[in-house]
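With mmCIF, C-alpha atoms; chains and numbers go by the auth columns inside, this is upload_29.cif:
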```
data_coords
#
loop_
_atom_site.group_PDB
_atom_site.id
_atom_site.type_symbol
_atom_site.label_atom_id
_atom_site.label_comp_id
_atom_site.label_asym_id
_atom_site.label_seq_id
_atom_site.Cartn_x
_atom_site.Cartn_y
_atom_site.Cartn_z
_atom_site.B_iso_or_equiv
_atom_site.auth_seq_id
_atom_site.auth_asym_id
ATOM 1 C CA GLU A 1 105.040 87.094 78.885 0.00 519 A
ATOM 2 C CA PRO A 2 106.860 85.112 76.190 0.00 520 A
ATOM 3 C CA GLU A 3 104.818 82.451 74.463 0.00 521 A
ATOM 4 C CA VAL A 4 104.999 79.798 71.783 0.00 522 A
ATOM 5 C CA THR A 5 103.028 80.811 68.715 0.00 523 A
ATOM 6 C CA GLN A 6 101.687 78.507 66.054 0.00 524 A
ATOM 7 C CA THR A 7 100.288 79.202 62.610 0.00 525 A
ATOM 8 C CA PRO A 8 97.844 78.614 61.152 0.00 526 A
ATOM 9 C CA SER A 9 95.300 77.992 63.884 0.00 527 A
ATOM 10 C CA HIS A 10 93.291 75.796 61.531 0.00 528 A
ATOM 11 C CA GLN A 11 94.391 74.075 58.329 0.00 529 A
ATOM 12 C CA VAL A 12 92.163 72.112 55.988 0.00 530 A
ATOM 13 C CA THR A 13 93.908 70.024 53.363 0.00 531 A
ATOM 14 C CA GLN A 14 93.032 67.327 50.883 0.00 532 A
ATOM 15 C CA MET A 15 94.261 63.803 51.423 0.00 533 A
ATOM 16 C CA GLY A 16 97.633 63.274 49.758 0.00 534 A
ATOM 17 C CA GLN A 17 98.641 66.910 49.937 0.00 535 A
ATOM 18 C CA GLU A 18 101.690 68.209 51.749 0.00 536 A
ATOM 19 C CA VAL A 19 101.169 70.455 54.743 0.00 537 A
ATOM 20 C CA ILE A 20 103.582 72.529 56.809 0.00 538 A
ATOM 21 C CA LEU A 21 102.736 73.571 60.338 0.00 539 A
ATOM 22 C CA ARG A 22 104.692 76.468 61.721 0.00 540 A
ATOM 23 C CA CYS A 23 105.824 77.326 65.215 0.00 541 A
ATOM 24 C CA VAL A 24 107.810 80.143 66.746 0.00 542 A
ATOM 25 C CA PRO A 25 109.262 78.868 70.031 0.00 543 A
ATOM 26 C CA ILE A 26 110.199 81.129 72.907 0.00 544 A
ATOM 27 C CA SER A 27 113.335 82.945 71.829 0.00 545 A
ATOM 28 C CA ASN A 28 115.918 81.681 74.326 0.00 546 A
ATOM 29 C CA HIS A 29 114.699 78.094 74.323 0.00 547 A
ATOM 30 C CA LEU A 30 116.867 75.312 72.985 0.00 548 A
ATOM 31 C CA TYR A 31 114.580 72.265 73.000 0.00 549 A
ATOM 32 C CA PHE A 32 111.605 71.957 70.692 0.00 550 A
ATOM 33 C CA TYR A 33 108.827 69.410 70.506 0.00 551 A
ATOM 34 C CA TRP A 34 105.813 68.455 68.440 0.00 552 A
ATOM 35 C CA TYR A 35 102.827 66.659 69.939 0.00 553 A
ATOM 36 C CA ARG A 36 99.456 65.781 68.501 0.00 554 A
ATOM 37 C CA GLN A 37 96.046 65.196 70.005 0.00 555 A
ATOM 38 C CA ILE A 38 93.395 63.372 68.035 0.00 556 A
ATOM 39 C CA LEU A 39 89.941 64.598 69.023 0.00 557 A
ATOM 40 C CA GLY A 40 88.891 63.032 72.310 0.00 558 A
ATOM 41 C CA GLN A 41 92.191 61.234 72.820 0.00 559 A
ATOM 42 C CA LYS A 42 95.417 61.751 74.756 0.00 560 A
ATOM 43 C CA VAL A 43 98.173 64.086 73.766 0.00 561 A
ATOM 44 C CA GLU A 44 100.855 62.016 72.002 0.00 562 A
ATOM 45 C CA PHE A 45 104.542 62.754 71.611 0.00 563 A
ATOM 46 C CA LEU A 46 105.816 63.013 68.054 0.00 564 A
ATOM 47 C CA VAL A 47 109.362 64.350 68.088 0.00 565 A
ATOM 48 C CA SER A 48 111.918 66.359 70.012 0.00 566 A
ATOM 49 C CA PHE A 49 114.599 68.536 68.417 0.00 567 A
ATOM 50 C CA TYR A 50 117.814 69.960 69.814 0.00 568 A
ATOM 51 C CA ASN A 51 120.943 71.421 68.282 0.00 569 A
ATOM 52 C CA ASN A 52 119.465 71.218 64.790 0.00 570 A
ATOM 53 C CA GLU A 53 118.723 67.550 64.904 0.00 571 A
ATOM 54 C CA ILE A 54 116.058 65.140 66.073 0.00 572 A
ATOM 55 C CA SER A 55 116.732 63.926 69.620 0.00 573 A
ATOM 56 C CA GLU A 56 113.900 61.454 69.906 0.00 574 A
ATOM 57 C CA LYS A 57 110.877 60.440 67.873 0.00 575 A
ATOM 58 C CA SER A 58 107.896 58.228 68.431 0.00 576 A
ATOM 59 C CA GLU A 59 106.595 55.415 66.272 0.00 577 A
ATOM 60 C CA ILE A 60 103.995 57.849 64.947 0.00 578 A
ATOM 61 C CA PHE A 61 106.730 59.994 63.414 0.00 579 A
ATOM 62 C CA ASP A 62 107.325 57.946 60.272 0.00 580 A
ATOM 63 C CA ASP A 63 108.882 58.889 56.933 0.00 581 A
ATOM 64 C CA GLN A 64 105.877 61.068 56.100 0.00 582 A
ATOM 65 C CA PHE A 65 106.881 63.488 58.840 0.00 583 A
ATOM 66 C CA SER A 66 109.852 65.807 58.989 0.00 584 A
ATOM 67 C CA VAL A 67 110.888 68.760 61.134 0.00 585 A
ATOM 68 C CA GLU A 68 113.101 71.686 60.364 0.00 586 A
ATOM 69 C CA ARG A 69 114.422 74.820 61.943 0.00 587 A
ATOM 70 C CA PRO A 70 114.955 76.844 58.780 0.00 588 A
ATOM 71 C CA ASP A 71 116.143 79.966 60.562 0.00 589 A
ATOM 72 C CA GLY A 72 116.792 81.173 64.077 0.00 590 A
ATOM 73 C CA SER A 73 113.159 81.522 65.025 0.00 591 A
ATOM 74 C CA ASN A 74 110.860 79.082 63.218 0.00 592 A
ATOM 75 C CA PHE A 75 110.325 75.381 63.865 0.00 593 A
ATOM 76 C CA THR A 76 108.230 73.514 61.321 0.00 594 A
ATOM 77 C CA LEU A 77 106.500 70.163 61.036 0.00 595 A
ATOM 78 C CA LYS A 78 105.940 68.868 57.507 0.00 596 A
ATOM 79 C CA ILE A 79 103.611 66.052 56.589 0.00 597 A
ATOM 80 C CA ARG A 80 104.442 64.966 53.051 0.00 598 A
ATOM 81 C CA SER A 81 101.298 63.147 51.989 0.00 599 A
ATOM 82 C CA THR A 82 98.496 63.649 54.448 0.00 600 A
ATOM 83 C CA LYS A 83 96.113 60.866 55.400 0.00 601 A
ATOM 84 C CA LEU A 84 92.667 61.122 56.959 0.00 602 A
ATOM 85 C CA GLU A 85 94.074 59.792 60.223 0.00 603 A
ATOM 86 C CA ASP A 86 96.487 62.719 60.416 0.00 604 A
ATOM 87 C CA SER A 87 93.542 64.927 61.365 0.00 605 A
ATOM 88 C CA ALA A 88 94.341 66.164 64.857 0.00 606 A
ATOM 89 C CA MET A 89 95.406 69.164 66.898 0.00 607 A
ATOM 90 C CA TYR A 90 99.161 69.586 66.604 0.00 608 A
ATOM 91 C CA PHE A 91 100.969 71.280 69.467 0.00 609 A
ATOM 92 C CA CYS A 92 104.436 72.756 69.388 0.00 610 A
ATOM 93 C CA ALA A 93 106.322 73.145 72.668 0.00 611 A
ATOM 94 C CA SER A 94 109.673 74.489 73.743 0.00 612 A
ATOM 95 C CA SER A 95 111.839 74.510 76.846 0.00 613 A
ATOM 96 C CA ASP A 96 115.089 76.193 77.811 0.00 614 A
ATOM 97 C CA LEU A 97 116.587 73.037 79.224 0.00 615 A
ATOM 98 C CA ASP A 98 115.981 69.387 78.634 0.00 616 A
ATOM 99 C CA SER A 99 112.391 68.768 79.700 0.00 617 A
ATOM 100 C CA LEU A 100 113.539 65.463 81.139 0.00 618 A
ATOM 101 C CA TRP A 101 114.848 67.199 84.204 0.00 619 A
ATOM 102 C CA GLY A 102 111.660 68.890 85.226 0.00 620 A
ATOM 103 C CA THR A 103 112.061 72.073 83.246 0.00 621 A
ATOM 104 C CA GLU A 104 108.731 73.475 82.206 0.00 622 A
ATOM 105 C CA ALA A 105 107.738 72.938 78.590 0.00 623 A
ATOM 106 C CA PHE A 106 105.623 75.738 77.164 0.00 624 A
ATOM 107 C CA PHE A 107 102.967 74.765 74.664 0.00 625 A
ATOM 108 C CA GLY A 108 101.546 76.747 71.783 0.00 626 A
ATOM 109 C CA GLN A 109 97.844 77.110 71.164 0.00 627 A
ATOM 110 C CA GLY A 110 97.895 74.378 68.551 0.00 628 A
ATOM 111 C CA THR A 111 97.059 73.982 64.873 0.00 629 A
ATOM 112 C CA ARG A 112 93.929 72.030 64.092 0.00 630 A
ATOM 113 C CA LEU A 113 94.635 69.990 60.974 0.00 631 A
ATOM 114 C CA THR A 114 91.657 68.595 59.108 0.00 632 A
ATOM 115 C CA VAL A 115 92.335 66.209 56.243 0.00 633 A
ATOM 116 C CA VAL A 116 89.409 65.728 53.867 0.00 634 A
ATOM 117 C CA LYS B 1 104.385 49.540 79.602 0.00 1348 B
ATOM 118 C CA ASN B 2 104.688 53.245 80.340 0.00 1349 B
ATOM 119 C CA GLN B 3 101.185 54.334 81.200 0.00 1350 B
ATOM 120 C CA VAL B 4 99.517 57.189 82.998 0.00 1351 B
ATOM 121 C CA GLU B 5 95.994 56.572 84.287 0.00 1352 B
ATOM 122 C CA GLN B 6 93.780 59.326 85.625 0.00 1353 B
ATOM 123 C CA SER B 7 90.584 59.256 87.590 0.00 1354 B
ATOM 124 C CA PRO B 8 87.860 60.223 87.565 0.00 1355 B
ATOM 125 C CA GLN B 9 87.335 60.716 83.841 0.00 1356 B
ATOM 126 C CA SER B 10 85.148 63.717 84.593 0.00 1357 B
ATOM 127 C CA LEU B 11 83.554 65.466 87.511 0.00 1358 B
ATOM 128 C CA ILE B 12 81.173 68.303 88.198 0.00 1359 B
ATOM 129 C CA ILE B 13 81.563 70.499 91.261 0.00 1360 B
ATOM 130 C CA LEU B 14 79.861 73.588 92.605 0.00 1361 B
ATOM 131 C CA GLU B 15 81.723 76.867 92.639 0.00 1362 B
ATOM 132 C CA GLY B 16 83.623 77.323 95.871 0.00 1363 B
ATOM 133 C CA LYS B 17 83.958 73.601 96.581 0.00 1364 B
ATOM 134 C CA ASN B 18 87.180 71.579 96.628 0.00 1365 B
ATOM 135 C CA CYS B 19 88.061 68.557 94.533 0.00 1366 B
ATOM 136 C CA THR B 20 90.890 66.066 94.147 0.00 1367 B
ATOM 137 C CA LEU B 21 92.042 64.406 90.958 0.00 1368 B
ATOM 138 C CA GLN B 22 94.083 61.204 90.907 0.00 1369 B
ATOM 139 C CA CYS B 23 96.941 60.002 88.732 0.00 1370 B
ATOM 140 C CA ASN B 24 98.612 56.582 88.784 0.00 1371 B
ATOM 141 C CA TYR B 25 101.574 55.838 86.577 0.00 1372 B
ATOM 142 C CA THR B 26 103.812 52.974 85.575 0.00 1373 B
ATOM 143 C CA VAL B 27 106.329 55.111 83.697 0.00 1374 B
ATOM 144 C CA SER B 28 109.867 54.020 84.375 0.00 1375 B
ATOM 145 C CA PRO B 29 112.520 55.160 84.937 0.00 1376 B
ATOM 146 C CA PHE B 30 110.775 58.097 86.537 0.00 1377 B
ATOM 147 C CA SER B 31 112.104 61.616 86.200 0.00 1378 B
ATOM 148 C CA ASN B 32 109.311 64.064 86.907 0.00 1379 B
ATOM 149 C CA LEU B 33 105.557 64.456 87.077 0.00 1380 B
ATOM 150 C CA ARG B 34 103.603 67.445 85.830 0.00 1381 B
ATOM 151 C CA TRP B 35 100.058 68.595 85.995 0.00 1382 B
ATOM 152 C CA TYR B 36 98.750 70.633 83.083 0.00 1383 B
ATOM 153 C CA LYS B 37 95.504 72.518 82.622 0.00 1384 B
ATOM 154 C CA GLN B 38 94.047 72.410 79.129 0.00 1385 B
ATOM 155 C CA ASP B 39 91.152 74.611 78.160 0.00 1386 B
ATOM 156 C CA THR B 40 89.042 73.330 75.265 0.00 1387 B
ATOM 157 C CA GLY B 41 90.840 73.839 71.955 0.00 1388 B
ATOM 158 C CA ARG B 42 93.919 75.308 73.591 0.00 1389 B
ATOM 159 C CA GLY B 43 97.408 74.120 74.425 0.00 1390 B
ATOM 160 C CA PRO B 44 98.248 72.630 77.826 0.00 1391 B
ATOM 161 C CA VAL B 45 99.479 75.072 80.461 0.00 1392 B
ATOM 162 C CA SER B 46 101.783 73.857 83.209 0.00 1393 B
ATOM 163 C CA LEU B 47 100.491 74.007 86.776 0.00 1394 B
ATOM 164 C CA THR B 48 103.177 72.118 88.706 0.00 1395 B
ATOM 165 C CA ILE B 49 106.281 70.059 88.082 0.00 1396 B
ATOM 166 C CA MET B 50 107.662 67.655 90.692 0.00 1397 B
ATOM 167 C CA THR B 51 110.755 65.490 90.682 0.00 1398 B
ATOM 168 C CA PHE B 52 111.069 62.290 92.686 0.00 1399 B
ATOM 169 C CA SER B 53 112.433 64.138 95.725 0.00 1400 B
ATOM 170 C CA GLU B 54 109.385 66.396 96.042 0.00 1401 B
ATOM 171 C CA ASN B 55 106.124 65.204 97.552 0.00 1402 B
ATOM 172 C CA THR B 56 104.039 68.346 97.395 0.00 1403 B
ATOM 173 C CA LYS B 57 103.959 71.532 95.394 0.00 1404 B
ATOM 174 C CA SER B 58 101.448 74.354 95.254 0.00 1405 B
ATOM 175 C CA ASN B 59 100.519 76.904 92.635 0.00 1406 B
ATOM 176 C CA GLY B 60 97.864 79.207 94.017 0.00 1407 B
ATOM 177 C CA ARG B 61 94.717 77.172 94.631 0.00 1408 B
ATOM 178 C CA TYR B 62 96.275 74.088 93.028 0.00 1409 B
ATOM 179 C CA THR B 63 98.244 71.654 95.210 0.00 1410 B
ATOM 180 C CA ALA B 64 99.874 68.565 93.777 0.00 1411 B
ATOM 181 C CA THR B 65 101.196 65.624 95.766 0.00 1412 B
ATOM 182 C CA LEU B 66 103.508 62.858 94.667 0.00 1413 B
ATOM 183 C CA ASP B 67 104.216 59.468 96.198 0.00 1414 B
ATOM 184 C CA ALA B 68 107.030 58.040 94.086 0.00 1415 B
ATOM 185 C CA ASP B 69 106.958 54.775 96.027 0.00 1416 B
ATOM 186 C CA THR B 70 103.361 53.974 95.139 0.00 1417 B
ATOM 187 C CA LYS B 71 103.589 55.869 91.837 0.00 1418 B
ATOM 188 C CA GLN B 72 100.604 58.018 92.616 0.00 1419 B
ATOM 189 C CA SER B 73 99.917 61.709 92.393 0.00 1420 B
ATOM 190 C CA SER B 74 96.960 63.904 93.161 0.00 1421 B
ATOM 191 C CA LEU B 75 95.915 67.412 92.240 0.00 1422 B
ATOM 192 C CA HIS B 76 93.752 69.261 94.750 0.00 1423 B
ATOM 193 C CA ILE B 77 91.783 72.300 93.679 0.00 1424 B
ATOM 194 C CA THR B 78 90.703 74.536 96.540 0.00 1425 B
ATOM 195 C CA ALA B 79 87.732 76.894 96.443 0.00 1426 B
ATOM 196 C CA SER B 80 86.970 76.183 92.804 0.00 1427 B
ATOM 197 C CA GLN B 81 86.093 78.965 90.391 0.00 1428 B
ATOM 198 C CA LEU B 82 84.188 78.880 87.124 0.00 1429 B
ATOM 199 C CA SER B 83 87.492 79.449 85.305 0.00 1430 B
ATOM 200 C CA ASP B 84 88.779 76.151 86.693 0.00 1431 B
ATOM 201 C CA SER B 85 86.532 74.334 84.206 0.00 1432 B
ATOM 202 C CA ALA B 86 89.045 72.535 81.982 0.00 1433 B
ATOM 203 C CA SER B 87 90.790 69.237 81.395 0.00 1434 B
ATOM 204 C CA TYR B 88 93.587 68.467 83.882 0.00 1435 B
ATOM 205 C CA ILE B 89 96.291 66.282 82.503 0.00 1436 B
ATOM 206 C CA CYS B 90 98.900 64.310 84.418 0.00 1437 B
ATOM 207 C CA VAL B 91 102.167 63.980 82.504 0.00 1438 B
ATOM 208 C CA VAL B 92 105.154 61.866 83.475 0.00 1439 B
ATOM 209 C CA GLY B 93 108.670 62.265 82.142 0.00 1440 B
ATOM 210 C CA ARG B 94 111.179 59.437 81.898 0.00 1441 B
ATOM 211 C CA SER B 95 114.800 59.871 82.728 0.00 1442 B
ATOM 212 C CA ASN B 96 116.151 57.969 79.731 0.00 1443 B
ATOM 213 C CA ASP B 97 114.546 59.717 76.764 0.00 1444 B
ATOM 214 C CA TYR B 98 112.822 62.882 75.745 0.00 1445 B
ATOM 215 C CA LYS B 99 109.274 61.612 75.768 0.00 1446 B
ATOM 216 C CA LEU B 100 106.536 62.773 78.082 0.00 1447 B
ATOM 217 C CA SER B 101 103.717 60.296 78.708 0.00 1448 B
ATOM 218 C CA PHE B 102 100.323 61.962 78.927 0.00 1449 B
ATOM 219 C CA GLY B 103 97.271 60.791 80.811 0.00 1450 B
ATOM 220 C CA ALA B 104 93.849 61.064 79.205 0.00 1451 B
ATOM 221 C CA GLY B 105 92.904 63.898 81.521 0.00 1452 B
ATOM 222 C CA THR B 106 90.108 64.586 83.968 0.00 1453 B
ATOM 223 C CA THR B 107 87.466 67.004 82.731 0.00 1454 B
ATOM 224 C CA VAL B 108 86.382 69.312 85.520 0.00 1455 B
ATOM 225 C CA THR B 109 83.197 71.340 85.201 0.00 1456 B
ATOM 226 C CA VAL B 110 82.570 74.005 87.796 0.00 1457 B
ATOM 227 C CA ARG B 111 78.954 75.183 88.067 0.00 1458 B
ATOM 228 C CA ALA B 112 77.647 78.297 89.735 0.00 1459 B
#
```
Please render this file's structure as structure tokens.
Amino acid sequence: EPEVTQTPSHQVTQMGQEVILRCVPISNHLYFYWYRQILGQKVEFLVSFYNNEISEKSEIFDDQFSVERPDGSNFTLKIRSTKLEDSAMYFCASSDLDSLWGTEAFFGQGTRLTVV
Amino acid sequence: KNQVEQSPQSLIILEGKNCTLQCNYTVSPFSNLRWYKQDTGRGPVSLTIMTFSENTKSNGRYTATLDADTKQSSLHITASQLSDSASYICVVGRSNDYKLSFGAGTTVTVRA
């Protein structure tokens, strides 16, 4: 069964450092998303990406964040200068159609980012 | 404000018993409502997706209901198994943007 894969599973970084989280969406999917979940809190939307550009982003997704689809398979989330409050589980998701219309979004297993 | 509220926050049930989880939402304009199962430290896995025209949908032992008029949904788990122990998250999609609004989840613990 096709799945969304994320690497690494756990990333520890020092405050102020840049970090790149990687995702390989399901191959025929066209819509890509990043979410985060701070420990013990709700999953929060960060950004959606379609046709090589950002479709929608939340207020969390400030200038420190960027996304990229560098090739035909990878989808990355970059945090330029990490802060302690960026520590969270980051989930990548993908769907074959716009998830607005009830199409299932498939989530990866997540990358746990710890900023020290 | 676009909110999704779930209750109870947590519950413990005995293996083989049934349980029902509740979700109330104020998300507007409404597009669809999903229930996800999230095992600890893992990504959410979709159980059901319902649009406004659907009022019930089943996936094995999981049955979701939707009342779009009262903006309420429920997830019923029948004949619970130990593997049902997880967080169940209600997620509502809006029809005007790409965001999904997540509830805080109900943590279900099934005991033998």
(request) Up to 12 Å from chain B, what residues of chain A turn up? Count all atoms listed in the file and give them as number ranges by chain. (result) A: 521-524, 527-528, 549-568, 572-577, 606-611, 613, 615-630
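Once the PyMOL selection byres ((chain B and resi 1408-1411) around 6) is applied to the depicted file, the selected set reads Thr1403, Lys1404, Ser1405, Asn1406, Gly1407, Thr1412, Ser1421, Leu1422, His1423, Ile1424 and Thr1425 of chain B.
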Selected by the PyMOL selection byres ((chain B and resi 1433) around 9) in the shown coordinates: which residues, as a CSV table (one decimal) with C-alpha atoms, in the frame of the given file?
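Okay, part_9.csv is ready:
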```
chain,number,residue,atom,x,y,z
B,1384,LYS,CA,95.5,72.5,82.6
B,1385,GLN,CA,94.0,72.4,79.1
B,1386,ASP,CA,91.2,74.6,78.2
B,1387,THR,CA,89.0,73.3,75.3
B,1430,SER,CA,87.5,79.4,85.3
B,1431,ASP,CA,88.8,76.2,86.7
B,1432,SER,CA,86.5,74.3,84.2
B,1434,SER,CA,90.8,69.2,81.4
B,1435,TYR,CA,93.6,68.5,83.9
B,1453,THR,CA,90.1,64.6,84.0
B,1454,THR,CA,87.5,67.0,82.7
B,1455,VAL,CA,86.4,69.3,85.5
B,1456,THR,CA,83.2,71.3,85.2
B,1457,VAL,CA,82.6,74.0,87.8
```
(message) Between CA of Val1374 (chain B) and CA of Gln1350 (chain B), what is the distance in Å, rounded to a tenth?
(response)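 If I compute the distance from CA of Val1374 (chain B) to CA of Gln1350 (chain B), I get 5.8 Å.
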Applying 8 Å and only C-alpha atoms, which residues near Leu539 (chain A) remain after dropping the ones on its own chain fewer than 3 positions away? List them as a tab-separated table (two decimals) with C-alpha atoms, keeping the file's coordinate frame.
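around.tsv, freshly written:
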```tsv
chain	number	residue	atom	x	y	z
A	524	GLN	CA	101.69	78.51	66.05
A	525	THR	CA	100.29	79.20	62.61
A	526	PRO	CA	97.84	78.61	61.15
A	594	THR	CA	108.23	73.51	61.32
A	595	LEU	CA	106.50	70.16	61.04
A	596	LYS	CA	105.94	68.87	57.51
A	629	THR	CA	97.06	73.98	64.87
```
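Relative to CA of Thr1373 (chain B), CA of Cys1437 (chain B) is found at 12.4 Å.
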(message) Measuring between all atoms listed in the file, which one of A:Gln529, A:Ile538, A:Thr632, A:Asn570 shows the shortest distance to Ser605 (chain A)?
(response)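 Residue with the minimum atom-to-atom distance to Ser605 (chain A): A:Thr632.
For the atom pair formed by CA of Glu586 (chain A) and CA of Glu536 (chain A), the distance is 14.7 Å, given to one decimal.
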Per-axis box centre and lengths in Å around region 525-535 of chain A, 4 Å margin per side, axis-aligned, as JSON:
```
{"center_x": 96.2, "center_y": 71.2, "center_z": 56.8, "size_x": 16.1, "size_y": 23.9, "size_z": 22.1}
```
